[in-house]
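**Q** Enclosed is the structure file model-v9.csv (CSV, C-alpha atoms and all ligand atoms).
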```
chain,number,residue,atom,x,y,z
A,1,MET,CA,5.4,19.9,6.3
A,2,SER,CA,8.7,21.5,5.8
A,3,ASP,CA,11.3,19.4,4.1
A,4,SER,CA,13.7,19.5,7.0
A,5,LEU,CA,11.1,17.7,9.2
A,6,SER,CA,10.8,14.9,6.7
A,7,THR,CA,14.5,14.0,6.4
A,8,ASP,CA,14.9,10.3,6.7
A,9,HIS,CA,18.7,9.9,6.4
A,10,GLY,CA,21.5,10.0,8.8
A,11,ARG,CA,20.5,6.9,10.9
A,12,GLY,CA,23.6,4.9,10.7
A,13,GLY,CA,23.8,1.2,9.8
A,14,VAL,CA,23.5,-0.8,6.7
A,15,GLU,CA,23.2,0.7,3.2
A,16,PRO,CA,19.5,1.1,2.5
A,17,VAL,CA,17.8,-1.2,-0.1
A,18,VAL,CA,15.7,1.8,-1.3
A,19,ARG,CA,17.1,5.3,-1.2
A,20,LEU,CA,15.5,8.5,-2.5
A,21,ASP,CA,17.5,11.7,-2.1
A,22,ALA,CA,15.9,15.1,-2.6
A,23,ALA,CA,13.5,13.5,-5.0
A,24,ARG,CA,11.0,15.5,-7.0
A,25,LEU,CA,8.2,14.0,-9.0
A,26,SER,CA,6.5,16.1,-11.7
A,27,TYR,CA,4.2,15.4,-14.6
A,28,GLY,CA,4.7,18.3,-16.9
A,29,ASP,CA,4.5,21.5,-14.8
A,30,ARG,CA,2.6,19.7,-12.1
A,31,THR,CA,4.8,18.7,-9.1
A,32,LEU,CA,3.3,16.0,-7.0
A,33,TRP,CA,6.0,16.1,-4.3
A,34,GLN,CA,9.6,17.3,-3.8
A,35,GLY,CA,12.4,17.2,-1.4
A,36,LEU,CA,11.7,13.6,-0.5
A,37,ASP,CA,14.4,11.7,1.3
A,38,LEU,CA,13.6,8.2,2.1
A,39,ALA,CA,15.8,5.3,3.2
A,40,VAL,CA,14.4,1.8,3.5
A,41,ARG,CA,16.6,-0.9,5.0
A,42,ALA,CA,16.4,-4.7,4.6
A,43,GLY,CA,13.5,-6.2,6.4
A,44,GLU,CA,11.9,-2.8,7.1
A,45,PHE,CA,8.1,-2.3,6.5
A,46,VAL,CA,7.1,1.1,5.3
A,47,ALA,CA,3.4,2.1,4.9
A,48,ILE,CA,2.7,4.7,2.3
A,49,LEU,CA,-0.5,6.6,3.1
A,50,GLY,CA,-2.4,9.5,1.7
A,51,PRO,CA,-5.5,10.5,-0.2
A,52,ASN,CA,-6.2,9.7,-3.9
A,53,GLY,CA,-3.9,11.3,-6.4
A,54,THR,CA,-1.1,12.3,-4.1
A,55,GLY,CA,1.5,10.3,-6.0
A,56,LYS,CA,1.8,7.0,-4.1
A,57,THR,CA,1.5,4.7,-7.1
A,58,SER,CA,3.8,7.2,-9.0
A,59,LEU,CA,6.4,6.8,-6.2
A,60,LEU,CA,6.4,3.0,-6.7
A,61,LYS,CA,6.7,3.6,-10.5
A,62,VAL,CA,9.8,5.7,-9.8
A,63,LEU,CA,11.4,2.8,-7.9
A,64,LEU,CA,10.4,0.5,-10.8
A,65,GLY,CA,12.2,2.8,-13.3
A,66,GLN,CA,8.9,3.4,-15.1
A,67,VAL,CA,8.7,7.1,-14.1
A,68,GLN,CA,11.7,9.4,-14.0
A,69,LEU,CA,12.4,11.9,-11.2
A,70,ALA,CA,12.4,15.5,-12.1
A,71,ALA,CA,15.2,16.1,-9.6
A,72,GLY,CA,17.1,14.1,-7.0
A,73,SER,CA,18.1,10.5,-7.2
A,74,VAL,CA,16.7,7.0,-6.6
A,75,ARG,CA,18.8,3.9,-5.8
A,76,ILE,CA,17.6,0.3,-5.4
A,77,ALA,CA,20.1,-2.0,-3.7
A,78,GLY,CA,22.9,0.5,-4.4
A,79,ALA,CA,22.1,0.9,-8.2
A,80,PRO,CA,20.0,3.4,-10.1
A,81,ALA,CA,16.4,2.4,-10.6
A,82,ARG,CA,15.9,0.6,-13.8
A,83,LEU,CA,13.2,-1.3,-15.7
A,84,GLY,CA,13.0,-5.0,-15.2
A,85,ASN,CA,15.0,-4.9,-12.0
A,86,PRO,CA,15.0,-8.5,-10.5
A,87,ASP,CA,15.6,-7.0,-7.1
A,88,ILE,CA,12.0,-5.8,-7.0
A,89,GLY,CA,8.8,-7.7,-6.6
A,90,TYR,CA,5.7,-5.7,-7.4
A,91,ILE,CA,2.0,-6.2,-6.6
A,92,PRO,CA,0.3,-3.6,-8.8
A,93,GLN,CA,-2.8,-1.6,-7.8
A,94,GLN,CA,-5.5,-4.1,-8.3
A,95,LYS,CA,-7.2,-4.5,-11.6
A,96,SER,CA,-9.4,-7.5,-12.0
A,97,PHE,CA,-8.3,-10.0,-14.6
A,98,GLU,CA,-10.3,-9.7,-17.7
A,99,THR,CA,-12.6,-12.5,-18.6
A,100,GLY,CA,-11.4,-14.4,-21.5
A,101,VAL,CA,-7.8,-14.4,-20.3
A,102,GLN,CA,-7.1,-18.1,-20.0
A,103,LEU,CA,-4.2,-17.7,-17.5
A,104,ARG,CA,-4.0,-20.2,-14.6
A,105,GLY,CA,-2.6,-19.3,-11.2
A,106,VAL,CA,0.6,-21.2,-11.8
A,107,ASP,CA,1.0,-19.3,-15.1
A,108,LEU,CA,0.8,-16.0,-13.3
A,109,ILE,CA,3.4,-17.0,-10.8
A,110,GLY,CA,5.6,-18.3,-13.7
A,111,LEU,CA,5.6,-14.7,-15.1
A,112,GLY,CA,7.5,-13.7,-12.0
A,113,VAL,CA,10.1,-16.4,-12.6
A,114,ASP,CA,10.5,-15.7,-16.2
A,115,GLY,CA,12.2,-12.4,-15.6
A,116,HIS,CA,15.1,-14.3,-14.2
A,117,HIS,CA,17.7,-16.5,-15.7
A,118,TRP,CA,17.0,-20.2,-15.2
A,119,GLY,CA,18.4,-21.6,-18.4
A,120,LEU,CA,16.5,-23.4,-21.0
A,121,GLY,CA,17.6,-27.0,-20.3
A,122,LEU,CA,15.8,-29.7,-18.4
A,123,ARG,CA,17.5,-28.6,-15.2
A,124,GLY,CA,16.3,-25.0,-15.7
A,125,ARG,CA,12.8,-26.1,-16.3
A,126,ARG,CA,12.8,-28.3,-13.2
A,127,GLU,CA,14.1,-25.5,-11.1
A,128,ARG,CA,11.5,-23.2,-12.5
A,129,ARG,CA,8.7,-25.7,-11.6
A,130,ALA,CA,10.1,-26.2,-8.1
A,131,LYS,CA,10.2,-22.4,-7.6
A,132,ILE,CA,6.6,-22.1,-8.7
A,133,ALA,CA,5.5,-25.0,-6.5
A,134,ALA,CA,7.3,-23.5,-3.5
A,135,ALA,CA,5.5,-20.1,-4.2
A,136,VAL,CA,2.2,-21.8,-4.4
A,137,THR,CA,2.7,-23.6,-1.1
A,138,ALA,CA,4.0,-20.4,0.6
A,139,VAL,CA,0.7,-18.6,-0.1
A,140,GLY,CA,-1.4,-21.7,0.6
A,141,ALA,CA,-2.8,-21.8,-2.9
A,142,GLU,CA,-2.4,-25.5,-3.6
A,143,ARG,CA,-6.2,-26.0,-4.0
A,144,PHE,CA,-6.8,-23.4,-6.7
A,145,ALA,CA,-3.4,-22.6,-8.3
A,146,HIS,CA,-4.1,-24.7,-11.4
A,147,ALA,CA,-7.5,-23.1,-12.0
A,148,PRO,CA,-8.1,-20.2,-14.4
A,149,LEU,CA,-7.6,-16.9,-12.7
A,150,GLU,CA,-11.0,-15.6,-13.8
A,151,SER,CA,-12.6,-18.4,-11.9
A,152,MET,CA,-11.0,-17.4,-8.6
A,153,SER,CA,-12.3,-15.2,-5.8
A,154,GLY,CA,-10.6,-11.8,-5.2
A,155,GLY,CA,-8.8,-13.2,-2.2
A,156,GLU,CA,-7.5,-16.2,-4.1
A,157,GLN,CA,-6.2,-14.0,-7.0
A,158,GLN,CA,-4.5,-11.7,-4.5
A,159,ARG,CA,-2.6,-14.6,-2.9
A,160,LEU,CA,-1.3,-15.5,-6.3
A,161,ARG,CA,-0.2,-12.0,-7.0
A,162,VAL,CA,1.8,-12.1,-3.8
A,163,ALA,CA,3.3,-15.4,-4.9
A,164,GLN,CA,4.2,-13.9,-8.3
A,165,ALA,CA,5.8,-10.9,-6.7
A,166,LEU,CA,7.9,-13.1,-4.3
A,167,VAL,CA,8.8,-16.0,-6.5
A,168,GLY,CA,11.9,-14.2,-7.9
A,169,ASP,CA,13.2,-13.7,-4.3
A,170,PRO,CA,13.3,-9.9,-4.5
A,171,LYS,CA,15.2,-7.6,-2.1
A,172,VAL,CA,12.3,-5.1,-2.2
A,173,LEU,CA,8.6,-5.8,-2.3
A,174,LEU,CA,6.4,-3.0,-3.6
A,175,CYS,CA,2.7,-3.5,-2.8
A,176,ASP,CA,0.1,-1.1,-4.1
A,177,GLU,CA,-3.1,-1.4,-2.0
A,178,PRO,CA,-2.9,-5.2,-1.8
A,179,LEU,CA,-5.7,-5.5,0.7
A,180,LEU,CA,-8.3,-3.7,-1.3
A,181,SER,CA,-11.6,-5.6,-1.5
A,182,LEU,CA,-10.4,-8.4,0.7
A,183,ASP,CA,-12.4,-9.5,3.7
A,184,LEU,CA,-10.8,-9.2,7.1
A,185,ALA,CA,-9.6,-12.9,7.1
A,186,ASN,CA,-7.9,-12.5,3.8
A,187,GLN,CA,-6.4,-9.1,4.7
A,188,ARG,CA,-4.8,-10.8,7.7
A,189,LEU,CA,-3.6,-13.7,5.6
A,190,VAL,CA,-2.0,-11.5,2.9
A,191,ALA,CA,-0.4,-9.2,5.5
A,192,GLU,CA,1.0,-12.2,7.3
A,193,LEU,CA,2.5,-13.6,4.1
A,194,ILE,CA,4.3,-10.4,3.4
A,195,ASP,CA,5.4,-10.0,7.0
A,196,ARG,CA,6.8,-13.5,7.2
A,197,ARG,CA,8.8,-13.0,4.0
A,198,ARG,CA,10.5,-9.8,5.2
A,199,ARG,CA,11.3,-11.6,8.5
A,200,THR,CA,12.7,-14.8,6.9
A,201,HIS,CA,14.4,-13.1,3.9
A,202,GLY,CA,15.0,-9.6,5.0
A,203,THR,CA,12.8,-8.3,2.1
A,204,ALA,CA,12.2,-4.6,2.4
A,205,VAL,CA,8.5,-3.8,2.1
A,206,LEU,CA,6.9,-0.6,0.7
A,207,PHE,CA,3.1,-1.0,1.2
A,208,VAL,CA,0.7,1.6,-0.2
A,209,THR,CA,-2.6,1.5,1.7
A,210,HIS,CA,-5.6,3.4,2.7
A,211,GLU,CA,-6.1,1.0,5.6
A,212,ILE,CA,-3.3,1.1,8.1
A,213,ASN,CA,-5.1,-0.9,10.9
A,214,PRO,CA,-4.7,-4.4,9.3
A,215,ILE,CA,-0.9,-3.8,9.1
A,216,LEU,CA,-0.4,-1.4,12.0
A,217,PRO,CA,1.6,-4.0,14.2
A,218,LEU,CA,3.9,-4.6,11.2
A,219,VAL,CA,4.7,-1.0,10.3
A,220,ASP,CA,8.2,0.3,11.1
A,221,LYS,CA,7.7,3.6,9.3
A,222,VAL,CA,5.0,5.6,7.7
A,223,LEU,CA,5.3,8.0,4.7
A,224,TYR,CA,2.2,10.1,4.8
A,225,LEU,CA,1.7,12.2,1.6
A,226,VAL,CA,-1.0,14.9,1.3
A,227,ASP,CA,-1.1,17.3,-1.5
A,228,GLY,CA,2.6,17.8,-2.0
A,229,LYS,CA,3.4,17.7,1.7
A,230,PHE,CA,4.6,14.6,3.6
A,231,ARG,CA,5.8,13.3,6.9
A,232,ILE,CA,8.0,10.3,7.6
A,233,GLY,CA,8.3,8.6,10.9
A,234,THR,CA,7.1,5.8,13.1
A,235,PRO,CA,3.3,5.3,13.3
A,236,GLU,CA,3.4,6.9,16.7
A,237,GLU,CA,5.2,10.0,15.3
A,238,VAL,CA,3.1,10.4,12.2
A,239,MET,CA,-0.4,9.2,13.1
A,240,THR,CA,-1.2,12.0,15.5
A,241,SER,CA,-3.8,14.7,15.5
A,242,GLU,CA,-1.2,17.3,15.3
A,243,VAL,CA,0.7,15.9,12.3
A,244,LEU,CA,-2.4,15.0,10.3
A,245,SER,CA,-4.1,18.3,11.0
A,246,GLU,CA,-0.9,20.0,9.6
A,247,LEU,CA,-0.8,17.8,6.5
A,248,TYR,CA,-4.5,18.2,5.8
A,249,ARG,CA,-4.5,21.9,6.8
A,250,THR,CA,-7.6,21.4,8.8
A,251,GLU,CA,-8.6,19.9,12.2
A,252,VAL,CA,-8.2,16.1,12.2
A,253,ASP,CA,-8.3,14.0,15.3
A,254,VAL,CA,-6.5,10.7,15.6
A,255,LEU,CA,-8.0,8.4,18.2
A,256,ARG,CA,-6.7,5.1,19.5
A,257,VAL,CA,-9.5,2.7,20.1
A,258,ARG,CA,-8.7,-0.8,21.2
A,259,GLY,CA,-5.3,-0.8,19.6
A,260,ARG,CA,-6.6,0.7,16.4
A,261,LEU,CA,-6.4,4.1,14.8
A,262,VAL,CA,-9.6,6.0,14.1
A,263,VAL,CA,-9.1,9.2,12.1
A,264,VAL,CA,-11.9,11.8,12.5
A,265,GLY,CA,-12.2,14.8,10.1
A,266,THR,CA,-14.8,17.3,9.1
A,267,GLY,CA,-16.1,18.7,5.8
A,268,ASP,CA,-13.8,18.2,2.8
A,269,THR,CA,-11.4,16.1,4.6
A,270,ILE,CA,-14.0,13.4,4.7
A,271,ASP,CA,-13.2,12.5,1.1
A,272,ALA,CA,-9.5,12.6,1.7
A,273,LEU,CA,-9.6,10.5,4.8
A,274,GLY,CA,-12.1,8.1,3.3
A,275,GLY,CA,-9.6,7.3,0.6
A,276,HIS,CA,-11.5,5.5,-2.0
A,277,HIS,CA,-14.2,7.0,-4.0
A,278,GLU,CA,-15.9,3.6,-4.3
A,279,SER,CA,-16.1,3.4,-0.6
A,280,GLU,CA,-17.7,6.7,-0.4
A,281,ALA,CA,-20.3,5.5,-3.0
A,282,ALA,CA,-20.7,2.2,-1.2
A,283,ARG,CA,-21.7,3.8,2.0
A,284,GLY,CA,-24.3,5.9,0.1
A,285,GLU,CA,-26.3,6.9,3.1
A,286,SER,CA,-23.3,8.4,4.8
A,287,THR,CA,-22.7,11.0,2.1
A,288,PRO,CA,-22.4,14.3,4.0
A,289,ASN,CA,-25.0,16.2,2.1
A,290,ALA,CA,-26.8,18.0,4.9
A,291,PRO,CA,-26.1,21.6,4.0
A,292,GLU,CA,-26.7,23.0,7.4
A,293,SER,CA,-24.1,20.8,9.2
A,294,GLU,CA,-20.6,19.7,8.7
A,295,PRO,CA,-20.8,16.2,10.2
A,296,ALA,CA,-17.7,14.7,11.6
A,297,THR,CA,-16.6,11.5,10.0
A,298,ALA,CA,-14.7,8.8,11.6
A,299,THR,CA,-12.8,6.3,9.6
A,300,ALA,CA,-10.8,3.5,11.2
A,301,ALA,CA,-7.6,5.0,9.8
A,302,ASN,CA,-9.3,4.8,6.4
A,303,GLU,CA,-10.1,1.2,6.7
A,304,HIS,CA,-12.1,0.2,3.7
A,305,ALA,CA,-13.3,-3.1,5.2
A,306,THR,CA,-15.0,-1.4,8.1
A,307,THR,CA,-17.2,0.7,5.9
A,308,THR,CA,-19.5,-2.2,5.3
A,309,PRO,CA,-22.0,-2.8,8.1
A,310,GLU,CA,-21.4,-6.5,7.8
A,311,SER,CA,-17.7,-6.4,8.5
A,312,ALA,CA,-18.1,-3.7,11.1
A,313,SER,CA,-20.5,-5.7,13.1
A,314,THR,CA,-18.8,-9.1,12.8
A,315,ALA,CA,-15.4,-7.6,13.6
A,316,GLY,CA,-16.9,-5.3,16.3
A,317,GLU,CA,-15.0,-2.4,14.8
A,318,PRO,CA,-16.0,1.2,15.1
A,319,MET,CA,-18.4,2.3,12.3
A,320,THR,CA,-16.9,4.7,9.8
A,321,ALA,CA,-19.9,6.4,8.3
A,322,ALA,CA,-20.5,10.1,8.6
A,323,GLY,CA,-22.7,10.9,11.5
A,324,GLU,CA,-21.6,7.8,13.3
A,325,SER,CA,-18.6,9.3,14.9
A,326,GLU,CA,-20.7,9.6,18.0
A,327,ARG,CA,-20.8,5.8,18.1
A,328,VAL,CA,-17.0,5.7,18.5
A,329,GLY,CA,-17.8,7.4,21.7
A,330,VAL,CA,-14.2,8.4,22.6
A,331,ARG,CA,-14.3,12.1,21.9
A,332,SER,CA,-16.3,13.0,24.9
B,1,LIG,N1,1.7,9.3,-16.6
B,1,LIG,C1,1.1,10.3,-16.0
B,1,LIG,N2,1.0,11.5,-16.7
B,1,LIG,C2,0.4,12.6,-16.1
B,1,LIG,N3,-0.2,12.5,-14.9
B,1,LIG,C3,-0.2,11.4,-14.2
B,1,LIG,C4,0.5,10.2,-14.8
B,1,LIG,N4,0.4,9.2,-13.9
B,1,LIG,C5,-0.3,9.7,-12.8
B,1,LIG,N5,-0.6,11.0,-13.1
B,1,LIG,C6,-1.4,11.9,-12.1
B,1,LIG,O1,-0.6,12.0,-11.0
B,1,LIG,C7,-1.4,12.0,-9.8
B,1,LIG,C8,-1.0,11.0,-8.9
B,1,LIG,O2,-1.3,9.7,-9.4
B,1,LIG,P1,-1.0,8.4,-8.6
B,1,LIG,O3,-1.6,7.2,-9.4
B,1,LIG,O4,0.5,8.3,-8.3
B,1,LIG,O5,-1.8,8.7,-7.3
B,1,LIG,P2,-2.1,7.7,-6.0
B,1,LIG,O6,-1.6,8.5,-4.8
B,1,LIG,O7,-1.6,6.4,-6.2
B,1,LIG,O8,-3.7,7.7,-6.0
B,1,LIG,P3,-4.8,6.6,-5.6
B,1,LIG,O9,-4.9,6.6,-4.1
B,1,LIG,O10,-6.0,7.0,-6.2
B,1,LIG,O11,-4.3,5.3,-6.2
B,1,LIG,C9,-2.9,11.8,-10.3
B,1,LIG,O12,-3.5,13.1,-10.4
B,1,LIG,C10,-2.7,11.2,-11.7
B,1,LIG,O13,-3.7,11.6,-12.5
B,2,MG,MG,-2.5,4.5,-6.5
```
Have the structure of the file written as structure tokens, please.
Ligand SMILES: Nc1ncnc2c1ncn2[C@@H]1O[C@H](COP(=O)(O)OP(=O)(O)OP(=O)(O)O)[C@@H](O)[C@H]1O
Ligand SMILES: [Mg+2]
**A**
Amino acid sequence: MSDSLSTDHGRGGVEPVVRLDAARLSYGDRTLWQGLDLAVRAGEFVAILGPNGTGKTSLLKVLLGQVQLAAGSVRIAGAPARLGNPDIGYIPQQKSFETGVQLRGVDLIGLGVDGHHWGLGLRGRRERRAKIAAAVTAVGAERFAHAPLESMSGGEQQRLRVAQALVGDPKVLLCDEPLLSLDLANQRLVAELIDRRRRTHGTAVLFVTHEINPILPLVDKVLYLVDGKFRIGTPEEVMTSEVLSELYRTEVDVLRVRGRLVVVGTGDTIDALGGHHESEAARGESTPNAPESEPATATAANEHATTTPESASTAGEPMTAAGESERVGVRS
């Protein structure tokens, strides 16, 4: 995509909470992306999509002040990005909590409060406790918040991560694949928590995901990054066969099936569209290893959850495995 097509400035109104201008990200001589202009306003929900290794997490790290731009500028709430910025809440790309870590749910949330100034006196401690309790209630974690993290299910842990990221009342919430390995009910729950927050508090949300369908109704804007190229726009503007074919440099079809997006690619794009290596492995039988054919692969807009037969059947979603694109039945 040419940079001119990706320009995201010039729409009047309030000063954006997140602003990147002509941003370039490089590690050594390797440039991941450049010429990125992005403006995110209060209450806006931006989905960041793209295959593994295109620099989505690195983009969040730029906003967090952990990674420096090679060119251009980044501003958060009008100030340059910096480490320990209380204006930012962050749900990192998921790593399971190591066993042996005796942290309880409320302790994790407390880490989100501790970055802020509450004072050391009794009043400060009370306020801190009240903040944590409110965060626990906000994510519906009353039942398990006092249990050790290692004893919790993935969905329970993820709810607490959301609480931790929100407890400091940030202006921007950065979420790095927060729905990963959650079942459909928990995906919905976590997405709703985040959506409610941006509506009630005007929190701007940048949401990295390989699974746009669970959040599709919430998304104002998509940033789609592929191999140094990108496109920014509404889901209707970006999630089209034309735009994705251009980004992936090969024929990609985007189908709309019962209000959901199904992305169909061929050959090498299967990996890219599929997103997670683990999901490729998980669906084993779908590995496109028949040498004589290049099977088309449909993925419900890279939706991880629909790659398991169980969730696909219970949710009645289109199957995503290679060779099953016929079952989607909307190409003919
Ligand atoms: N500190 C670093 N130094 C050098 N290279 C790095 C560094 N951090 C990330 N990279 C490389 O930059 C590329 C982009 O990494 P990043 O984690 O941003 O990708 P991503 O889009 O989040 O991918 P995924 O979907 O797998 O999470 C990768 O190839 C990665 O190996
Ligand atoms: Mg990442």
**Q** Rank A:Arg159, A:Arg125, A:Lys61, A:Arg24 by their smallest atom-to-atom distance to ligand MG 2 (chain B), using only C-alpha atoms and all ligand atoms, and report the top residue only.
**A** A:Lys61
**Q** Could you pull the residues within 12 Å of Ala138 (chain A), counting all atoms listed in the file, minus those fewer than 3 positions along the same chain, as a list of chain:residue names?
**A**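 Selected residues are A:Ile109, A:Lys131, A:Ile132, A:Ala133, A:Ala134, A:Ala135, A:Ala141, A:Glu142, A:Ala145, A:Arg159, A:Leu160, A:Val162, A:Ala163, A:Gln164, A:Leu166, A:Val167, A:Leu189, A:Val190, A:Glu192, A:Leu193, A:Ile194, A:Arg196, A:Arg197.
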**Q** Keeping C-alpha atoms for every residue in the selection just given, could you write it to a file as a PDB file, in the frame of the given file?
**A**
```pdb
ATOM      1  CA  ILE A 109       3.400 -17.000 -10.800  1.00  0.00           C
ATOM      2  CA  LYS A 131      10.200 -22.400  -7.600  1.00  0.00           C
ATOM      3  CA  ILE A 132       6.600 -22.100  -8.700  1.00  0.00           C
ATOM      4  CA  ALA A 133       5.500 -25.000  -6.500  1.00  0.00           C
ATOM      5  CA  ALA A 134       7.300 -23.500  -3.500  1.00  0.00           C
ATOM      6  CA  ALA A 135       5.500 -20.100  -4.200  1.00  0.00           C
ATOM      7  CA  ALA A 141      -2.800 -21.800  -2.900  1.00  0.00           C
ATOM      8  CA  GLU A 142      -2.400 -25.500  -3.600  1.00  0.00           C
ATOM      9  CA  ALA A 145      -3.400 -22.600  -8.300  1.00  0.00           C
ATOM     10  CA  ARG A 159      -2.600 -14.600  -2.900  1.00  0.00           C
ATOM     11  CA  LEU A 160      -1.300 -15.500  -6.300  1.00  0.00           C
ATOM     12  CA  VAL A 162       1.800 -12.100  -3.800  1.00  0.00           C
ATOM     13  CA  ALA A 163       3.300 -15.400  -4.900  1.00  0.00           C
ATOM     14  CA  GLN A 164       4.200 -13.900  -8.300  1.00  0.00           C
ATOM     15  CA  LEU A 166       7.900 -13.100  -4.300  1.00  0.00           C
ATOM     16  CA  VAL A 167       8.800 -16.000  -6.500  1.00  0.00           C
ATOM     17  CA  LEU A 189      -3.600 -13.700   5.600  1.00  0.00           C
ATOM     18  CA  VAL A 190      -2.000 -11.500   2.900  1.00  0.00           C
ATOM     19  CA  GLU A 192       1.000 -12.200   7.300  1.00  0.00           C
ATOM     20  CA  LEU A 193       2.500 -13.600   4.100  1.00  0.00           C
ATOM     21  CA  ILE A 194       4.300 -10.400   3.400  1.00  0.00           C
ATOM     22  CA  ARG A 196       6.800 -13.500   7.200  1.00  0.00           C
ATOM     23  CA  ARG A 197       8.800 -13.000   4.000  1.00  0.00           C
TER      24      ARG A 197
END
```
**Q** Would you list the residues that come within 6 Å of ligand LIG 1 (chain B)? Count only C-alpha atoms and all ligand atoms and give the answer as a list in words.
**A**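 The residues within 6 Å of ligand LIG 1 (chain B), counting only C-alpha atoms and all ligand atoms, are Tyr27, Pro51, Asn52, Gly53, Thr54, Gly55, Lys56, Thr57 and Ser58 of chain A.
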**Q** Keeping only C-alpha atoms, write the selected residues to a file as a CSV table (one decimal), in the coordinates of the input.
**A**
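Result file follows (again_32.csv):
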```csv
chain,number,residue,atom,x,y,z
A,27,TYR,CA,4.2,15.4,-14.6
A,51,PRO,CA,-5.5,10.5,-0.2
A,52,ASN,CA,-6.2,9.7,-3.9
A,53,GLY,CA,-3.9,11.3,-6.4
A,54,THR,CA,-1.1,12.3,-4.1
A,55,GLY,CA,1.5,10.3,-6.0
A,56,LYS,CA,1.8,7.0,-4.1
A,57,THR,CA,1.5,4.7,-7.1
A,58,SER,CA,3.8,7.2,-9.0
```
**Q** Report, in Å to a single decimal, how far apart CA of Arg30 (chain A) and CA of Ala204 (chain A) are.
**A**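 Rounded to one decimal, the two atoms are 29.9 Å apart.
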**Q** For Arg75 (chain A), list every protein, DNA or RNA residue within 6 Å, evaluated using all atoms listed in the file, and leave out those in the same chain fewer than 2 positions away; present the list as a PyMOL selection string.
**A** chain A and resi 18-19+78-81
**Q** Mind writing the picked residues with C-alpha atoms as a compact mmCIF listing (two decimals), keeping the file's coordinate frame?
**A**
```txt
# COMPACT_ATOMS: atom_id res chain seq x y z
CA VAL A 18 15.70 1.80 -1.30
CA ARG A 19 17.10 5.30 -1.20
CA GLY A 78 22.90 0.50 -4.40
CA ALA A 79 22.10 0.90 -8.20
CA PRO A 80 20.00 3.40 -10.10
CA ALA A 81 16.40 2.40 -10.60
```
**Q** Take CA of Gly121 (chain A) and CA of Gln102 (chain A) and report the distance between them in Å, one decimal.
**A**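 These two atoms are separated by 26.3 Å.
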**Q** At a cut-off of 8 Å, using only C-alpha atoms, what residues contact Gln93 (chain A)? Leave out same-chain residues fewer than 6 positions from it and give the result as a PyMOL selection string.
**A** chain A and resi 57+175-178
**Q** Point out the residue among A:Val40, A:Ile232, A:Leu174, A:Leu244 with the least atom-to-atom distance to ligand MG 2 (chain B), counting all atoms listed in the file.
**A**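 Once distances to ligand MG 2 (chain B) are computed over all atoms listed in the file, the minimum belongs to A:Leu174.
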**Q** CA of Gly50 (chain A) and CA of Gly155 (chain A) are how many Å apart?
**A** 23.9 Å
**Q** Kindly indicate which residue among A:His201, A:Arg41, A:His210, A:Arg143 lies nearest to Ile76 (chain A), using only C-alpha atoms for the distances.
**A**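 Once distances to Ile76 (chain A) are computed over only C-alpha atoms, the minimum belongs to A:Arg41.
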**Q** Here's a test: counting all atoms listed in the file, identify every protein, DNA and RNA residue with an atom at most 12 Å from (-10.7, -16.2, -5.2) in the file's coordinate frame, and state them as a VMD selection string.
**A** chain A and resid 96 to 97 105 141 143 to 145 147 to 161 181 to 183 186
**Q** With all atoms listed in the file as the atoms that count, which of A:Leu32, A:Val14, A:Leu179, A:Ile212 lies nearest to Gln94 (chain A)?
**A** A:Leu179
**Q** I want to know what sits within 9 Å of region 246-248 of chain A, based on all atoms listed in the file, with residues of the same chain fewer than 3 positions away left out; could you give that as a list in words?
**A**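 Result of the neighbour search: Met1, Tyr224, Leu225, Val226, Asp227, Lys229, Phe230, Arg231, Ser241, Glu242, Val243, Glu251, Val252, Thr269 and Ala272 of chain A.
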**Q** Selection from above, C-alpha atoms, as a compact mmCIF listing (two decimals), in the coordinates of the input, can you write it?
**A**
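So the final result, stored in part_39.txt, reads:
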```
# COMPACT_ATOMS: atom_id res chain seq x y z
CA MET A 1 5.40 19.90 6.30
CA TYR A 224 2.20 10.10 4.80
CA LEU A 225 1.70 12.20 1.60
CA VAL A 226 -1.00 14.90 1.30
CA ASP A 227 -1.10 17.30 -1.50
CA LYS A 229 3.40 17.70 1.70
CA PHE A 230 4.60 14.60 3.60
CA ARG A 231 5.80 13.30 6.90
CA SER A 241 -3.80 14.70 15.50
CA GLU A 242 -1.20 17.30 15.30
CA VAL A 243 0.70 15.90 12.30
CA GLU A 251 -8.60 19.90 12.20
CA VAL A 252 -8.20 16.10 12.20
CA THR A 269 -11.40 16.10 4.60
CA ALA A 272 -9.50 12.60 1.70
```
**Q** Missing atoms in region 158-163 of chain A need filling: write out N, CA and C atoms for it as an mmCIF file, in the coordinates of the input.
**A**
```
data_model
loop_
_atom_site.group_PDB
_atom_site.id
_atom_site.type_symbol
_atom_site.label_atom_id
_atom_site.label_comp_id
_atom_site.auth_asym_id
_atom_site.auth_seq_id
_atom_site.Cartn_x
_atom_site.Cartn_y
_atom_site.Cartn_z
ATOM 1 N N GLN A 158 -5.496 -12.544 -5.165
ATOM 2 C CA GLN A 158 -4.500 -11.700 -4.500
ATOM 3 C C GLN A 158 -3.372 -12.501 -3.925
ATOM 4 N N ARG A 159 -3.694 -13.689 -3.406
ATOM 5 C CA ARG A 159 -2.600 -14.600 -2.900
ATOM 6 C C ARG A 159 -1.664 -14.938 -3.993
ATOM 7 N N LEU A 160 -2.214 -15.173 -5.201
ATOM 8 C CA LEU A 160 -1.300 -15.500 -6.300
ATOM 9 C C LEU A 160 -0.485 -14.346 -6.763
ATOM 10 N N ARG A 161 -1.044 -13.146 -6.651
ATOM 11 C CA ARG A 161 -0.200 -12.000 -7.000
ATOM 12 C C ARG A 161 0.940 -11.839 -6.014
ATOM 13 N N VAL A 162 0.664 -12.138 -4.744
ATOM 14 C CA VAL A 162 1.800 -12.100 -3.800
ATOM 15 C C VAL A 162 2.809 -13.136 -4.149
ATOM 16 N N ALA A 163 2.355 -14.346 -4.511
ATOM 17 C CA ALA A 163 3.300 -15.400 -4.900
ATOM 18 C C ALA A 163 4.117 -14.981 -6.105
#
```
